[in-house]
>>> print(open('final30.cif').read())   # mmCIF, C-alpha atoms
data_target
#
loop_
_atom_site.label_atom_id
_atom_site.label_comp_id
_atom_site.auth_asym_id
_atom_site.auth_seq_id
_atom_site.Cartn_x
_atom_site.Cartn_y
_atom_site.Cartn_z
CA MET A 1 -16.16 -77.90 35.48
CA GLN A 2 -13.76 -78.88 38.28
CA VAL A 3 -12.58 -81.88 36.24
CA ALA A 4 -11.95 -79.68 33.19
CA LEU A 5 -9.99 -77.16 35.23
CA ALA A 6 -7.90 -79.85 36.90
CA ALA A 7 -7.24 -81.52 33.54
CA GLY A 8 -6.09 -78.18 32.13
CA VAL A 9 -3.68 -77.62 35.00
CA ALA A 10 -2.34 -81.18 34.57
CA LEU A 11 -1.82 -80.56 30.84
CA ALA A 12 -0.02 -77.29 31.64
CA LEU A 13 2.36 -79.28 33.81
CA VAL A 14 2.84 -81.78 30.98
CA ALA A 15 3.62 -78.92 28.58
CA ALA A 16 6.22 -77.61 31.04
CA ALA A 17 7.70 -81.08 31.47
CA VAL A 18 8.00 -81.53 27.71
CA ALA A 19 9.59 -78.09 27.39
CA ALA A 20 12.11 -79.06 30.05
CA THR A 21 13.55 -81.63 27.65
CA HIS A 22 14.67 -78.80 25.33
CA GLU A 23 17.22 -76.03 25.70
CA GLY A 24 17.29 -72.35 24.78
CA LEU A 25 14.85 -71.04 22.16
CA ALA A 26 13.52 -74.55 21.55
CA ARG A 27 12.47 -74.72 25.20
CA GLU A 28 10.62 -71.41 24.94
CA ASP A 29 8.96 -72.49 21.68
CA SER A 30 7.97 -75.82 23.17
CA LEU A 31 6.33 -74.27 26.21
CA ARG A 32 4.51 -71.67 24.14
CA ARG A 33 3.39 -74.27 21.61
CA GLY A 34 2.00 -76.48 24.36
CA ALA A 35 0.40 -73.47 26.06
CA ALA A 36 -1.25 -72.31 22.85
CA SER A 37 -2.63 -75.79 22.18
CA LEU A 38 -4.01 -76.14 25.70
CA LEU A 39 -5.55 -72.68 25.74
CA LEU A 40 -7.17 -73.05 22.32
CA LEU A 41 -8.33 -76.66 22.28
CA GLY A 42 -9.10 -76.99 26.00
CA GLY A 43 -10.60 -73.52 26.03
CA LEU A 44 -12.82 -74.25 23.05
CA ALA A 45 -14.09 -77.43 24.69
CA LEU A 46 -14.82 -75.50 27.87
CA ALA A 47 -16.48 -72.57 26.07
CA ILE A 48 -18.67 -74.82 23.94
CA ALA A 49 -19.69 -76.96 26.92
CA LEU A 50 -20.55 -73.90 28.99
CA GLY A 51 -22.32 -71.98 26.24
CA GLY A 52 -24.17 -74.89 24.63
CA GLY A 53 -26.19 -75.57 27.76
CA ALA A 54 -26.44 -72.01 29.04
CA LEU A 55 -30.18 -71.51 28.65
CA ASN A 56 -31.86 -74.52 27.07
CA ARG A 57 -31.29 -76.99 29.93
CA ASP A 58 -32.57 -74.65 32.61
CA ALA A 59 -35.49 -73.59 30.43
CA GLU A 60 -36.49 -77.23 29.94
CA SER A 61 -35.96 -78.35 33.52
CA GLY A 62 -38.20 -75.62 34.91
CA HIS A 63 -35.46 -73.68 36.67
CA LEU A 64 -35.87 -70.54 34.58
CA GLY A 65 -39.65 -70.87 34.76
CA LEU A 66 -39.40 -71.05 38.54
CA LEU A 67 -37.37 -67.84 38.71
CA VAL A 68 -39.48 -65.93 36.17
CA GLY A 69 -42.70 -67.19 37.74
CA ASN A 70 -41.53 -65.85 41.07
CA GLY A 71 -40.69 -62.37 39.89
CA ALA A 72 -37.34 -62.36 38.10
CA THR A 73 -37.38 -60.78 34.65
CA ARG A 74 -36.18 -62.70 31.62
CA PRO A 75 -33.22 -60.33 31.03
CA GLN A 76 -32.25 -60.87 34.67
CA VAL A 77 -32.16 -64.64 34.39
CA VAL A 78 -30.24 -64.41 31.09
CA ALA A 79 -27.71 -62.05 32.67
CA ALA A 80 -27.28 -64.38 35.64
CA ALA A 81 -26.99 -67.58 33.60
CA VAL A 82 -24.68 -66.21 30.90
CA GLY A 83 -22.72 -63.97 33.27
CA ALA A 84 -21.98 -66.89 35.60
CA ARG A 85 -20.75 -69.00 32.70
CA LEU A 86 -18.63 -66.17 31.35
CA ALA A 87 -17.07 -65.75 34.80
CA ALA A 88 -16.44 -69.51 35.00
CA LEU A 89 -14.75 -69.46 31.59
CA ALA A 90 -12.60 -66.48 32.59
CA ALA A 91 -11.65 -68.17 35.86
CA GLY A 92 -10.72 -71.38 34.02
CA ILE A 93 -8.53 -69.60 31.48
CA ALA A 94 -6.92 -67.52 34.25
CA LEU A 95 -6.16 -70.68 36.21
CA TRP A 96 -4.57 -72.37 33.21
CA GLY A 97 -2.66 -69.18 32.41
CA LEU A 98 -1.28 -69.07 35.94
CA ALA A 99 -0.27 -72.72 35.75
CA LEU A 100 1.58 -72.04 32.47
CA GLN A 101 3.33 -69.00 33.96
CA ALA A 102 4.34 -71.15 36.93
CA GLY A 103 5.78 -73.63 34.45
CA SER A 104 7.74 -70.88 32.75
CA LEU A 105 9.10 -69.76 36.12
CA ALA A 106 10.01 -73.31 37.07
CA LEU A 107 11.94 -73.69 33.81
CA GLY A 108 13.98 -70.60 34.65
CA MET A 109 12.45 -68.46 31.90
CA GLY A 110 10.77 -65.99 34.22
CA LEU A 111 7.26 -64.68 33.72
CA ASP A 112 6.30 -64.89 30.04
CA GLY A 113 4.78 -61.56 28.96
CA PRO A 114 3.95 -62.57 25.37
CA LEU A 115 2.25 -65.71 26.69
CA ALA A 116 0.19 -63.59 29.09
CA VAL A 117 -0.92 -61.38 26.18
CA HIS A 118 -1.73 -64.51 24.17
CA THR A 119 -3.82 -65.83 27.05
CA LEU A 120 -5.89 -62.64 27.01
CA ALA A 121 -6.27 -62.83 23.22
CA VAL A 122 -7.46 -66.43 23.40
CA ALA A 123 -9.84 -65.54 26.23
CA GLU A 124 -11.56 -62.97 24.04
CA GLY A 125 -11.99 -65.48 21.22
CA LEU A 126 -13.34 -68.06 23.66
CA ALA A 127 -15.77 -65.52 25.10
CA LEU A 128 -17.01 -64.94 21.55
CA THR A 129 -17.46 -68.70 21.07
CA MET A 130 -19.22 -69.16 24.40
CA LEU A 131 -21.58 -66.25 23.83
CA ALA A 132 -22.41 -67.51 20.33
CA ALA A 133 -23.24 -70.94 21.76
CA ALA A 134 -25.24 -69.33 24.58
CA ALA A 135 -27.21 -67.21 22.11
CA ALA A 136 -28.06 -70.33 20.11
CA SER A 137 -28.92 -72.19 23.32
CA SER A 138 -31.89 -69.90 23.82
CA VAL A 139 -33.60 -71.51 20.82
CA VAL A 140 -31.97 -74.91 20.15
CA GLY A 141 -30.58 -77.85 22.12
CA PRO A 142 -27.10 -78.15 23.64
CA VAL A 143 -25.46 -80.04 20.76
CA ALA A 144 -26.71 -77.70 18.05
CA ALA A 145 -25.89 -74.66 20.16
CA GLY A 146 -22.36 -75.93 20.82
CA ALA A 147 -21.88 -76.64 17.12
CA PHE A 148 -23.00 -73.10 16.33
CA GLY A 149 -20.45 -71.71 18.77
CA ALA A 150 -17.70 -73.76 17.13
CA VAL A 151 -18.76 -72.57 13.67
CA VAL A 152 -18.64 -68.95 14.79
CA TYR A 153 -15.08 -69.46 16.03
CA VAL A 154 -14.05 -71.12 12.75
CA VAL A 155 -15.63 -68.29 10.75
CA ALA A 156 -13.85 -65.71 12.93
CA GLN A 157 -10.51 -67.43 12.37
CA ALA A 158 -11.20 -67.84 8.65
CA ALA A 159 -12.01 -64.14 8.33
CA VAL A 160 -8.60 -63.21 9.74
CA ASN A 161 -6.66 -65.80 7.75
CA LEU A 162 -8.40 -64.96 4.49
CA LYS A 163 -7.94 -61.23 5.02
CA ALA A 164 -4.22 -61.80 5.53
CA ALA A 165 -4.12 -63.86 2.33
CA ALA A 166 -6.06 -61.20 0.45
CA ASP A 167 -3.66 -58.50 1.65
CA GLN A 168 -0.81 -60.59 0.22
CA GLY A 169 -2.61 -60.85 -3.12
CA LEU A 170 -3.22 -64.59 -2.80
CA ILE A 171 -7.02 -64.62 -3.10
CA GLY A 172 -7.56 -63.01 -6.50
CA THR A 173 -11.11 -62.39 -7.61
CA ALA A 174 -12.67 -63.32 -4.23
CA ASP A 175 -11.16 -60.26 -2.54
CA ALA A 176 -14.52 -58.51 -2.23
CA GLY A 177 -16.10 -61.48 -0.47
CA VAL A 178 -13.18 -61.73 1.93
CA GLU A 179 -13.35 -58.01 2.72
CA LEU A 180 -17.10 -58.34 3.37
CA LEU A 181 -16.54 -61.25 5.75
CA TYR A 182 -13.72 -59.44 7.53
CA TYR A 183 -15.48 -56.12 7.98
CA LEU A 184 -18.89 -57.55 8.91
CA GLY A 185 -18.20 -60.82 10.69
CA PRO A 186 -16.52 -61.62 13.98
CA ARG A 187 -12.73 -61.89 14.00
CA ALA A 188 -10.36 -64.12 15.94
CA ILE A 189 -7.65 -62.33 17.88
CA THR A 190 -4.13 -63.24 16.76
CA SER A 191 -1.57 -62.46 19.44
CA PRO A 192 1.96 -61.30 18.55
CA MET A 193 3.28 -64.54 20.10
CA ILE A 194 1.18 -66.89 17.98
CA SER A 195 1.77 -64.76 14.86
CA ALA A 196 5.53 -65.13 15.27
CA LEU A 197 5.30 -68.86 16.01
CA GLN A 198 3.01 -69.43 13.04
CA ALA A 199 5.36 -67.56 10.70
CA ARG A 200 8.12 -70.01 11.72
CA ASP A 201 5.68 -72.94 11.50
CA ALA A 202 6.31 -73.62 15.17
CA ALA A 203 2.85 -72.96 16.62
CA GLY A 204 1.66 -76.56 16.57
CA PRO A 205 -2.03 -77.49 16.37
CA ALA A 206 -3.16 -74.14 17.78
CA ALA A 207 -2.08 -72.27 14.64
CA PRO A 208 -0.85 -74.45 11.79
CA GLN A 209 0.79 -72.53 8.99
CA VAL A 210 -1.70 -71.40 6.34
CA GLU A 211 -0.79 -71.97 2.72
CA ILE A 212 -2.61 -71.05 -0.48
CA ASN A 213 -1.19 -72.56 -3.69
CA ASP A 214 2.07 -73.27 -1.85
CA ASN A 215 2.33 -69.64 -0.74
CA VAL A 216 2.65 -69.19 3.03
CA VAL A 217 0.11 -66.76 4.46
CA LEU A 218 1.62 -64.58 7.17
CA VAL A 219 -1.17 -63.76 9.63
CA PRO A 220 -0.30 -60.51 11.41
CA ALA A 221 -1.00 -59.83 15.07
CA ALA A 222 -4.38 -58.22 15.68
CA GLY A 223 -4.54 -54.51 16.33
CA TRP A 224 -6.72 -52.68 18.83
CA PRO A 225 -9.53 -52.12 16.26
CA THR A 226 -9.88 -55.89 15.89
CA VAL A 227 -9.91 -56.33 19.67
CA ALA A 228 -12.66 -53.71 19.93
CA TRP A 229 -14.59 -55.18 16.99
CA THR A 230 -14.64 -58.65 18.53
CA LEU A 231 -15.73 -57.18 21.86
CA ALA A 232 -18.60 -55.48 20.02
CA TRP A 233 -19.57 -58.87 18.59
CA CYS A 234 -19.52 -60.29 22.12
CA VAL A 235 -21.94 -57.57 23.23
CA LEU A 236 -24.17 -58.26 20.23
CA LEU A 237 -24.27 -61.99 21.01
CA ALA A 238 -25.04 -61.28 24.67
CA LEU A 239 -27.99 -59.18 23.53
CA LEU A 240 -29.07 -62.04 21.26
CA CYS A 241 -29.15 -64.33 24.31
CA ALA A 242 -31.77 -62.07 25.88
CA THR A 243 -33.68 -61.68 22.61
CA GLY A 244 -33.79 -65.43 22.08
CA LEU A 245 -35.25 -66.07 25.51
CA ARG A 246 -37.76 -63.21 25.27
CA ARG A 247 -40.52 -65.32 23.73
CA ARG A 248 -39.31 -68.84 24.49
CA PRO A 249 -41.84 -70.91 26.44
CA LEU A 250 -40.47 -71.78 29.88
CA SER A 251 -41.37 -74.97 31.69
CA MET B 252 -55.81 -59.69 43.09
CA LEU B 253 -55.84 -62.06 40.09
CA VAL B 254 -57.90 -61.33 37.02
CA ALA B 255 -57.77 -63.33 33.80
CA GLU B 256 -60.10 -62.72 30.88
CA GLY B 257 -60.22 -64.88 27.80
CA LEU B 258 -56.84 -66.46 28.56
CA GLU B 259 -55.54 -68.60 25.73
CA VAL B 260 -52.30 -70.57 25.58
CA ARG B 261 -51.10 -72.03 22.31
CA TYR B 262 -47.77 -73.86 21.97
CA HIS B 263 -45.59 -73.32 18.91
CA GLY B 264 -48.50 -71.84 16.96
CA GLY B 265 -50.32 -75.18 17.01
CA PRO B 266 -53.94 -75.38 15.84
CA ASP B 267 -55.41 -76.46 19.18
CA PRO B 268 -54.83 -74.20 22.15
CA ALA B 269 -53.86 -75.87 25.43
CA VAL B 270 -56.00 -73.31 27.28
CA ARG B 271 -59.07 -71.71 25.71
CA GLY B 272 -60.99 -68.67 26.82
CA VAL B 273 -60.40 -69.08 30.53
CA SER B 274 -61.64 -66.26 32.75
CA LEU B 275 -60.81 -66.19 36.45
CA ARG B 276 -61.14 -63.70 39.25
CA LEU B 277 -59.64 -64.24 42.68
CA ALA B 278 -60.25 -61.70 45.44
CA PRO B 279 -57.88 -61.26 48.42
CA GLY B 280 -58.22 -64.23 50.74
CA ALA B 281 -60.02 -66.33 48.13
CA GLY B 282 -59.05 -69.82 47.07
CA LEU B 283 -59.69 -71.87 43.94
CA LEU B 284 -58.85 -75.46 43.07
CA VAL B 285 -58.73 -76.29 39.37
CA CYS B 286 -59.19 -80.03 38.84
CA GLY B 287 -58.81 -82.03 35.69
CA PRO B 288 -57.26 -85.13 34.16
CA PRO B 289 -53.65 -85.15 32.95
CA GLY B 290 -53.38 -83.08 29.76
CA ALA B 291 -56.43 -80.96 30.57
CA GLY B 292 -54.33 -77.77 30.51
CA LYS B 293 -53.90 -77.10 34.23
CA THR B 294 -50.16 -76.50 34.10
CA SER B 295 -50.52 -74.51 30.88
CA LEU B 296 -53.08 -72.37 32.72
CA MET B 297 -50.53 -71.66 35.47
CA ARG B 298 -47.79 -70.90 32.96
CA GLY B 299 -50.10 -68.71 30.95
CA LEU B 300 -51.08 -66.72 34.02
CA LEU B 301 -47.40 -66.20 34.87
CA GLY B 302 -46.39 -65.30 31.31
CA LEU B 303 -44.02 -68.24 30.98
CA VAL B 304 -45.59 -69.21 27.66
CA PRO B 305 -47.05 -67.09 24.86
CA ARG B 306 -50.62 -66.22 25.78
CA GLY B 307 -53.62 -64.38 24.53
CA GLY B 308 -56.30 -62.58 26.51
CA ARG B 309 -55.81 -60.33 29.49
CA VAL B 310 -54.13 -61.18 32.79
CA ARG B 311 -53.63 -58.95 35.80
CA LEU B 312 -51.45 -60.12 38.69
CA PRO B 313 -50.71 -58.32 41.95
CA ALA B 314 -48.15 -55.65 41.16
CA ALA B 315 -45.05 -55.40 43.28
CA ALA B 316 -44.82 -52.22 45.32
CA PRO B 317 -41.89 -50.05 44.24
CA GLY B 318 -38.85 -51.39 46.06
CA GLY B 319 -40.97 -54.00 47.85
CA PRO B 320 -41.08 -57.75 47.42
CA GLY B 321 -42.78 -59.30 44.41
CA ARG B 322 -46.25 -60.49 45.23
CA VAL B 323 -46.64 -63.75 43.34
CA GLY B 324 -45.42 -67.06 44.75
CA TYR B 325 -45.23 -69.97 42.32
CA GLY B 326 -44.65 -73.61 43.23
CA PRO B 327 -44.13 -75.60 40.01
CA GLN B 328 -45.01 -79.22 39.39
CA GLY B 329 -42.49 -82.02 38.92
CA ALA B 330 -39.05 -82.23 40.45
CA GLY B 331 -36.45 -80.80 38.08
CA PHE B 332 -37.16 -77.12 38.67
CA ALA B 333 -34.27 -76.62 41.10
CA GLU B 334 -31.80 -78.99 39.48
CA GLY B 335 -28.19 -78.52 40.51
CA LEU B 336 -29.03 -76.46 43.60
CA ARG B 337 -29.09 -77.19 47.29
CA VAL B 338 -32.46 -76.95 48.99
CA ASP B 339 -31.62 -73.71 50.81
CA GLU B 340 -30.06 -72.23 47.67
CA ALA B 341 -33.29 -72.82 45.76
CA ALA B 342 -35.39 -71.16 48.45
CA ARG B 343 -33.00 -68.24 48.73
CA ALA B 344 -32.85 -67.80 44.94
CA VAL B 345 -36.62 -67.67 44.66
CA ALA B 346 -36.98 -65.24 47.57
CA ALA B 347 -34.28 -63.07 46.01
CA ALA B 348 -35.98 -63.20 42.61
CA ARG B 349 -39.13 -62.01 44.35
CA GLY B 350 -37.22 -59.08 45.84
CA VAL B 351 -37.56 -60.16 49.48
CA ARG B 352 -35.12 -58.08 51.56
CA ASP B 353 -33.65 -60.91 53.68
CA ALA B 354 -33.92 -63.71 51.15
CA ALA B 355 -31.92 -66.23 53.19
CA ALA B 356 -34.13 -65.82 56.27
CA ALA B 357 -37.34 -65.92 54.22
CA GLY B 358 -36.17 -69.04 52.44
CA HIS B 359 -35.19 -70.74 55.69
CA ASP B 360 -38.54 -69.87 57.28
CA ALA B 361 -40.43 -71.25 54.27
CA LEU B 362 -38.43 -74.49 54.33
CA GLU B 363 -39.20 -74.94 58.03
CA ARG B 364 -42.92 -74.39 57.40
CA ALA B 365 -42.90 -76.86 54.49
CA GLY B 366 -41.22 -79.54 56.61
CA LEU B 367 -37.80 -79.37 54.96
CA GLY B 368 -35.91 -77.65 57.75
CA TYR B 369 -33.77 -80.71 58.37
CA VAL B 370 -32.51 -81.09 54.80
CA THR B 371 -31.61 -77.53 53.88
CA GLY B 372 -28.08 -78.50 52.89
CA TRP B 373 -29.14 -81.37 50.64
CA ARG B 374 -28.91 -81.28 46.87
CA THR B 375 -32.46 -81.10 45.52
CA SER B 376 -31.78 -84.25 43.49
CA ARG B 377 -31.65 -86.19 46.79
CA LEU B 378 -35.27 -85.32 47.56
CA ASP B 379 -37.89 -87.95 46.87
CA ALA B 380 -41.25 -87.16 45.26
CA GLU B 381 -42.73 -85.91 48.52
CA GLY B 382 -39.64 -83.83 49.21
CA ALA B 383 -39.94 -82.21 45.78
CA ARG B 384 -43.59 -81.33 46.49
CA ARG B 385 -42.61 -79.87 49.85
CA LEU B 386 -39.87 -77.83 48.19
CA SER B 387 -42.35 -76.55 45.62
CA LEU B 388 -44.64 -75.49 48.48
CA ALA B 389 -41.76 -73.76 50.28
CA LEU B 390 -40.80 -71.84 47.14
CA ALA B 391 -44.38 -70.68 46.68
CA ILE B 392 -44.77 -69.34 50.22
CA ALA B 393 -41.29 -67.84 50.79
CA GLY B 394 -41.71 -64.20 51.75
CA ASP B 395 -45.51 -64.51 52.15
CA PRO B 396 -46.62 -63.32 48.68
CA ASP B 397 -50.09 -61.91 48.00
CA LEU B 398 -50.94 -64.54 45.39
CA VAL B 399 -49.89 -68.18 45.79
CA LEU B 400 -49.98 -70.50 42.78
CA LEU B 401 -49.52 -74.20 43.54
CA ASP B 402 -49.18 -76.53 40.59
CA ASP B 403 -50.07 -80.09 41.57
CA PRO B 404 -49.41 -79.88 45.32
CA TRP B 405 -49.72 -82.98 47.48
CA THR B 406 -52.38 -83.00 50.14
CA LEU B 407 -50.08 -82.81 53.13
CA SER B 408 -50.93 -81.30 56.47
CA ASP B 409 -48.28 -78.63 55.82
CA THR B 410 -49.91 -77.80 52.48
CA LEU B 411 -53.35 -77.44 54.03
CA ARG B 412 -51.98 -75.34 56.89
CA GLU B 413 -50.10 -73.00 54.53
CA ILE B 414 -53.15 -72.58 52.30
CA ALA B 415 -55.20 -71.62 55.35
CA ARG B 416 -52.47 -69.35 56.62
CA ALA B 417 -52.08 -67.58 53.26
CA ARG B 418 -55.82 -67.04 52.93
CA GLY B 419 -55.96 -65.92 56.54
CA ARG B 420 -53.53 -63.06 55.90
CA GLY B 421 -55.42 -62.01 52.79
CA ALA B 422 -53.49 -63.80 50.06
CA ALA B 423 -55.33 -65.48 47.20
CA VAL B 424 -54.47 -69.11 46.51
CA LEU B 425 -54.88 -70.94 43.20
CA ALA B 426 -54.01 -74.64 43.03
CA THR B 427 -54.32 -77.32 40.36
CA SER B 428 -54.67 -81.03 40.88
CA THR B 429 -55.77 -84.16 39.09
CA ARG B 430 -57.81 -85.17 42.15
CA PRO B 431 -59.53 -82.82 44.58
CA ALA B 432 -58.69 -84.98 47.63
CA GLY B 433 -58.50 -82.76 50.70
CA LEU B 434 -57.50 -79.63 48.82
CA ALA B 435 -61.01 -78.59 47.81
CA PRO B 436 -62.25 -77.80 51.33
CA ALA B 437 -59.07 -75.87 52.12
CA LEU B 438 -59.43 -73.74 49.01
CA GLY B 439 -63.18 -73.22 49.26
CA ARG B 440 -63.98 -73.20 45.54
CA ARG B 441 -63.45 -75.79 42.87
CA ALA B 442 -63.57 -75.69 39.07
CA ASP B 443 -63.11 -78.52 36.59
CA MET B 444 -60.89 -78.19 33.55
CA VAL B 445 -61.27 -80.38 30.47
CA ASP B 446 -59.54 -79.89 27.10
CA GLY B 447 -58.26 -76.46 28.06
CA VAL B 448 -61.64 -75.13 29.12
CA ILE B 449 -62.86 -74.46 32.65
CA ARG B 450 -66.39 -75.69 33.15
#
>>> encode(input="final30.cif", output="C-alpha cells")
Amino acid sequence: MQVALAAGVALALVAAAVAATHEGLAREDSLRRGAASLLLLGGLALAIALGGGALNRDAESGHLGLLVGNGATRPQVVAAAVGARLAALAAGIALWGLALQAGSLALGMGLDGPLAVHTLAVAEGLALTMLAAAAASSVVGPVAAGAFGAVVYVVAQAAVNLKAAADQGLIGTADAGVELLYYLGPRAITSPMISALQARDAAGPAAPQVEINDNVVLVPAAGWPTVAWTLAWCVLLALLCATGLRRRPLS
Amino acid sequence: MLVAEGLEVRYHGGPDPAVRGVSLRLAPGAGLLVCGPPGAGKTSLMRGLLGLVPRGGRVRLPAAAPGGPGRVGYGPQGAGFAEGLRVDEAARAVAAARGVRDAAAAGHDALERAGLGYVTGWRTSRLDAEGARRLSLALAIAGDPDLVLLDDPWTLSDTLREIARARGRGAAVLATSTRPAGLAPALGRRADMVDGVIR
C-alpha cells in the first residue's frame, strides 16, 4: 500500500514535470491528461488489489474465523475489513489528488477546481470497482475477484458510453438493450473536465475518444442522478459483501 | 455451559460429514480433551461448535450478558490466524471482538500469562511454532471467558496452569489434540474421535 501511494505521488510529480514543458492551454491539458491517467489507471490497480483480497485471504488464513469464534458477528468483520479498505482507497486517491494540486500550484496555474471535481468522480468509480471486487472476494479467490471488479468498471463505463451513442442515434436497433443496461446497471461517473478533454480528443489513455462508424461519440458529464445511482450500487455491493460471507466456511 | 446435540459438519455439501452426530455437555468448571488422529474431525468439531462452518444439530454456547463481554474464548490451531498483525494487536482485537471493556489491558494480561509478554510488539509472523501456540492460548483466555476452546494446544506449563485457572473460576474448557500427553489430567475427561465420531 505504501509503495503504491509513493509511486502515485512520484507519477504526479512526473505529470507536473511533463506539463512544465508546455505553455498556456497545452500545459493545463497536459497536467490534466496526466492526472486523469494516474487517477484512473493507478486507482484501478489500487482498487482491484484492495478489493480482490478483502475477505478471501483473511477467511482462509483463519483471521476472520478467529474474530467470529471470539464473539464478533460476520457483518461486523465484513464492515471492518471492507470499511478499512475503502478508507485506504479514499486516502490514496486524496493523497494523489493533493500531489496533483500541488503540481498545478507549482506550475503557476493555481488550485485546479475541475481537476478536484474529477478526482471525486474517479473516486466514486473506484469505490464501485473495489466494492464489486470485495463482494466477489467473499466467494472466490483474489484473482477472480479482482477480475470481477475490473469487469464491473468496464461495464459501468460501457453503459455510459453506449447511452451517449444511443442518444446521438448511433446505435440503431440495439437502443433498447443499451437503455436496459444504462438504467439497471452501474454507471461510471464522467466529470465535466474529462468530458471536455475527451471531446477534443485530448484526454489520453484515461478517456480515449469513442467512435462508432467514424462518428465521434460525445460523452456528456454525469448529472447528480447518475452520481446517486452509482452510490446506490456501491451500497448494494457492500450489502453483497455481507451476504457472501454469511454462509462461507471460515477457517 | 456448552451443549451440543447431534452436531454434524459437512463441507461444501459433500457426501461424508466431517463430524457426525456428536453430542457434548460441559458443565461450569468441567474439562474435556478430544483426542484423535489428524483428519478425525477435531478442528471441524471446534468450528462447528462456533458456527464457523455450516452445521446441523443443536448447539448452545454461553450467552453474553447484555452489554457485558462475550463468554467464549477460542484459540485456533496453526499459525496464520493473526497474519499481518502485531502480537498485541491480535490480543487486543480478539478482546475487543469479545466485548471486553478494556481490551488493551485484557490482551496484555493474557499475553503475559501465556509467556509472550516480552514480544508484544513483534509481528506474529516472527513467532515460531511454540510462539504461535502461546499466542493461540493468549487469545483464548483474554478477558477470562466462561468457555475456553483450545484447538491443538501444546502441553506447556502455561497451558496447564491456564486450564486449571479457568476451571478453578468456573469456566468450562474443551481442548483437542492428536496426543493426550499431559493435557488429559489437566482437563479431567477424555474422549476419542475417529472419522468424525466421538467414541
>>> atom_distance(input="final30.cif", atom1="CA of Val178 (chain A)", atom2="CA of Gly149 (chain A)")
20.9 Å
>>> closest_residue(input="final30.cif", among="B:Pro431, B:Gly350, B:Pro404, B:Pro313", to="chain A", atoms="all atoms listed in the file")
B:Gly350
>>> resolve_selection(input="final30.cif", expression="the PyMOL selection byres ((chain B) within 10 of (chain A))", output="PyMOL selection string")
chain B and resi 262-263+294-295+297-306+315+320-336+341+344-350+387+390-391+393+396+399-400
>>> closest_residue(input="final30.cif", among="B:Ser274, B:Thr406, B:Ser428, B:Thr371", to="Ala255 (chain B)", atoms="all atoms listed in the file")
B:Ser274
>>> resolve_selection(input="final30.cif", expression="the PyMOL selection byres ((chain A and resi 99) around 9)", output="list in words")
Gly8, Val9, Ala10, Ala12, Leu13, Ala94, Leu95, Trp96, Gly97, Leu98, Leu100, Gln101, Ala102, Gly103 and Ser104 of chain A
>>> residues_around(input="final30.cif", residues="Ala84 (chain A)", least_positions_apart="5", cutoff="12 Å", atoms="all atoms listed in the file", output="PyMOL selection string")
chain A and resi 50-51+54-55+76-79+89-91+130-131+134
>>> resolve_selection(input="final30.cif", expression="the PyMOL selection byres ((chain A and resi 153) around 8)", output="PDB file with C-alpha atoms, in the coordinates of the input")
ATOM      1  CA  GLY A 125     -11.990 -65.480  21.220  1.00  0.00           C
ATOM      2  CA  LEU A 126     -13.340 -68.060  23.660  1.00  0.00           C
ATOM      3  CA  LEU A 128     -17.010 -64.940  21.550  1.00  0.00           C
ATOM      4  CA  THR A 129     -17.460 -68.700  21.070  1.00  0.00           C
ATOM      5  CA  GLY A 149     -20.450 -71.710  18.770  1.00  0.00           C
ATOM      6  CA  ALA A 150     -17.700 -73.760  17.130  1.00  0.00           C
ATOM      7  CA  VAL A 151     -18.760 -72.570  13.670  1.00  0.00           C
ATOM      8  CA  VAL A 152     -18.640 -68.950  14.790  1.00  0.00           C
ATOM      9  CA  VAL A 154     -14.050 -71.120  12.750  1.00  0.00           C
ATOM     10  CA  VAL A 155     -15.630 -68.290  10.750  1.00  0.00           C
ATOM     11  CA  ALA A 156     -13.850 -65.710  12.930  1.00  0.00           C
ATOM     12  CA  GLN A 157     -10.510 -67.430  12.370  1.00  0.00           C
ATOM     13  CA  ALA A 188     -10.360 -64.120  15.940  1.00  0.00           C
TER      14      ALA A 188
END
>>> residues_near_point(input="final30.cif", point="(-56.0, -80.4, 47.5)", cutoff="10 Å", atoms="only C-alpha atoms", output="list in words")
Leu283, Leu284, Val285, Cys286, Leu401, Asp403, Pro404, Trp405, Thr406, Leu407, Thr410, Leu411, Ile414, Ala426, Thr427, Ser428, Thr429, Arg430, Pro431, Ala432, Gly433, Leu434, Ala435, Pro436, Ala437, Leu438 and Arg441 of chain B
>>> closest_residue(input="final30.cif", among="B:Arg440, B:Lys293, B:Arg271, B:Arg450", to="Gly257 (chain B)", atoms="only C-alpha atoms")
B:Arg271
>>> atom_distance(input="final30.cif", atom1="CA of Thr21 (chain A)", atom2="CA of Leu46 (chain A)")
29.0 Å
>>> atom_distance(input="final30.cif", atom1="CA of Leu245 (chain A)", atom2="CA of Phe148 (chain A)")
16.8 Å
>>> axis_aligned_box(input="final30.cif", around="region 106-119 of chain A", padding_each_side="3 Å", output="lines of an AutoDock Vina configuration file")
center_x = 5.1
center_y = -67.5
center_z = 30.6
size_x = 23.8
size_y = 18.3
size_z = 18.9
>>> closest_residue(input="final30.cif", among="A:Ala106, A:Ala26, A:Ile194, A:Leu170", to="Leu39 (chain A)", atoms="all atoms listed in the file")
A:Ile194
>>> residues_around(input="final30.cif", residues="Leu107 (chain A)", least_positions_apart="4", cutoff="12 Å", atoms="only C-alpha atoms", output="JSON list (two decimals) with C-alpha atoms, in the frame of the given file")
[["chain", "number", "residue", "atom", "x", "y", "z"],
["A", 13, "LEU", "CA", 2.36, -79.28, 33.81],
["A", 15, "ALA", "CA", 3.62, -78.92, 28.58],
["A", 16, "ALA", "CA", 6.22, -77.61, 31.04],
["A", 17, "ALA", "CA", 7.70, -81.08, 31.47],
["A", 18, "VAL", "CA", 8.00, -81.53, 27.71],
["A", 19, "ALA", "CA", 9.59, -78.09, 27.39],
["A", 20, "ALA", "CA", 12.11, -79.06, 30.05],
["A", 21, "THR", "CA", 13.55, -81.63, 27.65],
["A", 22, "HIS", "CA", 14.67, -78.80, 25.33],
["A", 23, "GLU", "CA", 17.22, -76.03, 25.70],
["A", 24, "GLY", "CA", 17.29, -72.35, 24.78],
["A", 27, "ARG", "CA", 12.47, -74.72, 25.20],
["A", 28, "GLU", "CA", 10.62, -71.41, 24.94],
["A", 30, "SER", "CA", 7.97, -75.82, 23.17],
["A", 31, "LEU", "CA", 6.33, -74.27, 26.21],
["A", 100, "LEU", "CA", 1.58, -72.04, 32.47],
["A", 101, "GLN", "CA", 3.33, -69.00, 33.96],
["A", 102, "ALA", "CA", 4.34, -71.15, 36.93],
["A", 103, "GLY", "CA", 5.78, -73.63, 34.45],
["A", 111, "LEU", "CA", 7.26, -64.68, 33.72],
["A", 112, "ASP", "CA", 6.30, -64.89, 30.04]]
